[in-house]
Structure formats: C-alpha cells, structure tokens
file entry_20.cif (mmCIF, C-alpha atoms)
data_entry
#
loop_
_atom_site.label_atom_id
_atom_site.label_comp_id
_atom_site.auth_asym_id
_atom_site.auth_seq_id
_atom_site.Cartn_x
_atom_site.Cartn_y
_atom_site.Cartn_z
CA MET A 1 20.41 51.99 -107.56
CA PRO A 2 19.34 55.63 -108.02
CA GLN A 3 21.60 58.30 -106.62
CA LEU A 4 20.58 61.70 -105.37
CA ALA A 5 23.00 64.62 -105.44
CA VAL A 6 22.34 67.41 -102.97
CA ALA A 7 24.21 70.69 -102.88
CA ASN A 8 26.12 71.33 -99.66
CA THR A 9 24.31 74.64 -99.34
CA LEU A 10 20.99 72.84 -98.86
CA TRP A 11 21.97 71.68 -95.38
CA ALA A 12 23.38 75.05 -94.38
CA GLU A 13 20.08 76.71 -95.32
CA TYR A 14 17.69 73.87 -94.49
CA GLU A 15 16.31 75.39 -91.28
CA GLN A 16 15.47 78.64 -93.07
CA LEU A 17 13.25 76.82 -95.59
CA ASP A 18 9.48 76.98 -95.14
CA LYS A 19 8.02 73.97 -93.35
CA PRO A 20 6.26 72.63 -96.48
CA VAL A 21 9.53 72.82 -98.41
CA ARG A 22 11.43 70.97 -95.67
CA ALA A 23 8.70 68.30 -95.70
CA GLY A 24 9.09 68.01 -99.47
CA VAL A 25 12.83 67.51 -99.14
CA ARG A 26 12.31 64.74 -96.57
CA LYS A 27 9.64 63.13 -98.76
CA ALA A 28 11.89 63.17 -101.84
CA MET A 29 14.77 61.63 -99.90
CA ALA A 30 12.48 58.89 -98.59
CA LYS A 31 11.38 58.12 -102.14
CA PHE A 32 15.00 57.75 -103.25
CA GLN A 33 15.53 55.23 -100.46
CA THR A 34 12.54 53.08 -101.38
CA LEU A 35 11.68 53.42 -105.09
CA THR A 36 13.38 51.96 -108.13
CA THR A 37 14.70 54.14 -110.95
CA VAL A 38 11.64 53.38 -113.08
CA GLU A 39 9.31 54.29 -110.20
CA LEU A 40 11.20 57.52 -109.52
CA ARG A 41 11.01 58.58 -113.17
CA SER A 42 7.28 57.92 -113.31
CA ASP A 43 6.54 59.67 -109.99
CA LYS A 44 4.54 62.80 -110.77
CA GLY A 45 5.58 64.47 -107.51
CA LEU A 46 9.28 64.52 -108.40
CA GLN A 47 10.83 66.68 -111.09
CA LEU A 48 14.11 64.94 -111.80
CA THR A 49 16.73 66.71 -113.88
CA VAL A 50 19.95 65.34 -115.29
CA VAL A 51 22.82 67.74 -114.69
CA SER A 52 24.93 67.74 -117.83
CA GLN A 53 28.69 67.84 -117.46
CA ALA A 54 28.39 67.02 -113.75
CA ARG A 55 31.48 65.43 -112.19
CA ASP A 56 32.07 63.61 -108.95
CA PRO A 57 34.93 65.56 -107.35
CA ARG A 58 36.05 62.42 -105.53
CA THR A 59 36.62 60.44 -108.73
CA GLY A 60 36.60 62.99 -111.54
CA ARG A 61 34.02 60.84 -113.36
CA ARG A 62 30.80 62.00 -114.90
#

call {"tool": "encode", "arguments": {"input": "entry_20.cif", "output": "structure tokens"}}
result
Amino acid sequence: MPQLAVANTLWAEYEQLDKPVRAGVRKAMAKFQTLTTVELRSDKGLQLTVVSQARDPRTGRR
C-alpha cells in the first residue's frame, strides 16, 4: 500500500494556504486512499518524489 509522508509544518500552516492549494492537498490525500501504487505513479496530476536518505524516526528505518 502506498504511503504518504507529510511534514508536520503543513498542518500548522494549512489554513494560510490559498484555497486552490488546500483543495489540491485534499485531492492528493484522497488519491492516496483510493489508488494503487501503479495508478499513483501514472497520475499526471501528482508529482511524486522519493526522498533519499529519509528515515522513519519511530523505527530508524529507511
């Protein structure tokens, strides 16, 4: 199942974002809940980026 990482600062600043940007955030999150990994990668509306050297602070794993 695809996983979406969101910076904590997004939620602190969410209300200050322009309405179209907030709508885009909601739309992207909905796609992650419904689409498969293959569908997400082929979706032209999303620009997915792999974060190199990223670690999960809860587990220490990459």

call {"tool": "residues_around", "arguments": {"input": "entry_20.cif", "residues": "Ala5 of chain A", "least_positions_apart": "2", "cutoff": "10 Å", "atoms": "all atoms listed in the file", "output": "PyMOL selection string"}}
result
chain A and resi 3+7-8+51+56

call {"tool": "resolve_selection", "arguments": {"input": "entry_20.cif", "expression": "the PyMOL selection byres ((chain A and resi 24-30) around 12)", "output": "JSON list (two decimals) with C-alpha atoms, in the frame of the given file"}}
result
[["chain", "number", "residue", "atom", "x", "y", "z"],
["A", 2, "PRO", "CA", 19.34, 55.63, -108.02],
["A", 3, "GLN", "CA", 21.60, 58.30, -106.62],
["A", 4, "LEU", "CA", 20.58, 61.70, -105.37],
["A", 5, "ALA", "CA", 23.00, 64.62, -105.44],
["A", 6, "VAL", "CA", 22.34, 67.41, -102.97],
["A", 10, "LEU", "CA", 20.99, 72.84, -98.86],
["A", 11, "TRP", "CA", 21.97, 71.68, -95.38],
["A", 14, "TYR", "CA", 17.69, 73.87, -94.49],
["A", 15, "GLU", "CA", 16.31, 75.39, -91.28],
["A", 17, "LEU", "CA", 13.25, 76.82, -95.59],
["A", 18, "ASP", "CA", 9.48, 76.98, -95.14],
["A", 19, "LYS", "CA", 8.02, 73.97, -93.35],
["A", 20, "PRO", "CA", 6.26, 72.63, -96.48],
["A", 21, "VAL", "CA", 9.53, 72.82, -98.41],
["A", 22, "ARG", "CA", 11.43, 70.97, -95.67],
["A", 23, "ALA", "CA", 8.70, 68.30, -95.70],
["A", 31, "LYS", "CA", 11.38, 58.12, -102.14],
["A", 32, "PHE", "CA", 15.00, 57.75, -103.25],
["A", 33, "GLN", "CA", 15.53, 55.23, -100.46],
["A", 34, "THR", "CA", 12.54, 53.08, -101.38],
["A", 35, "LEU", "CA", 11.68, 53.42, -105.09],
["A", 36, "THR", "CA", 13.38, 51.96, -108.13],
["A", 40, "LEU", "CA", 11.20, 57.52, -109.52],
["A", 43, "ASP", "CA", 6.54, 59.67, -109.99],
["A", 44, "LYS", "CA", 4.54, 62.80, -110.77],
["A", 45, "GLY", "CA", 5.58, 64.47, -107.51],
["A", 46, "LEU", "CA", 9.28, 64.52, -108.40],
["A", 47, "GLN", "CA", 10.83, 66.68, -111.09],
["A", 48, "LEU", "CA", 14.11, 64.94, -111.80]]

call {"tool": "axis_aligned_box", "arguments": {"input": "entry_20.cif", "around": "segment 11-28 of chain A", "padding_each_side": "3 Å", "output": "AutoDock Vina command-line options"}}
result
--center_x 14.8 --center_y 70.9 --center_z -96.6 --size_x 23.1 --size_y 21.5 --size_z 16.6
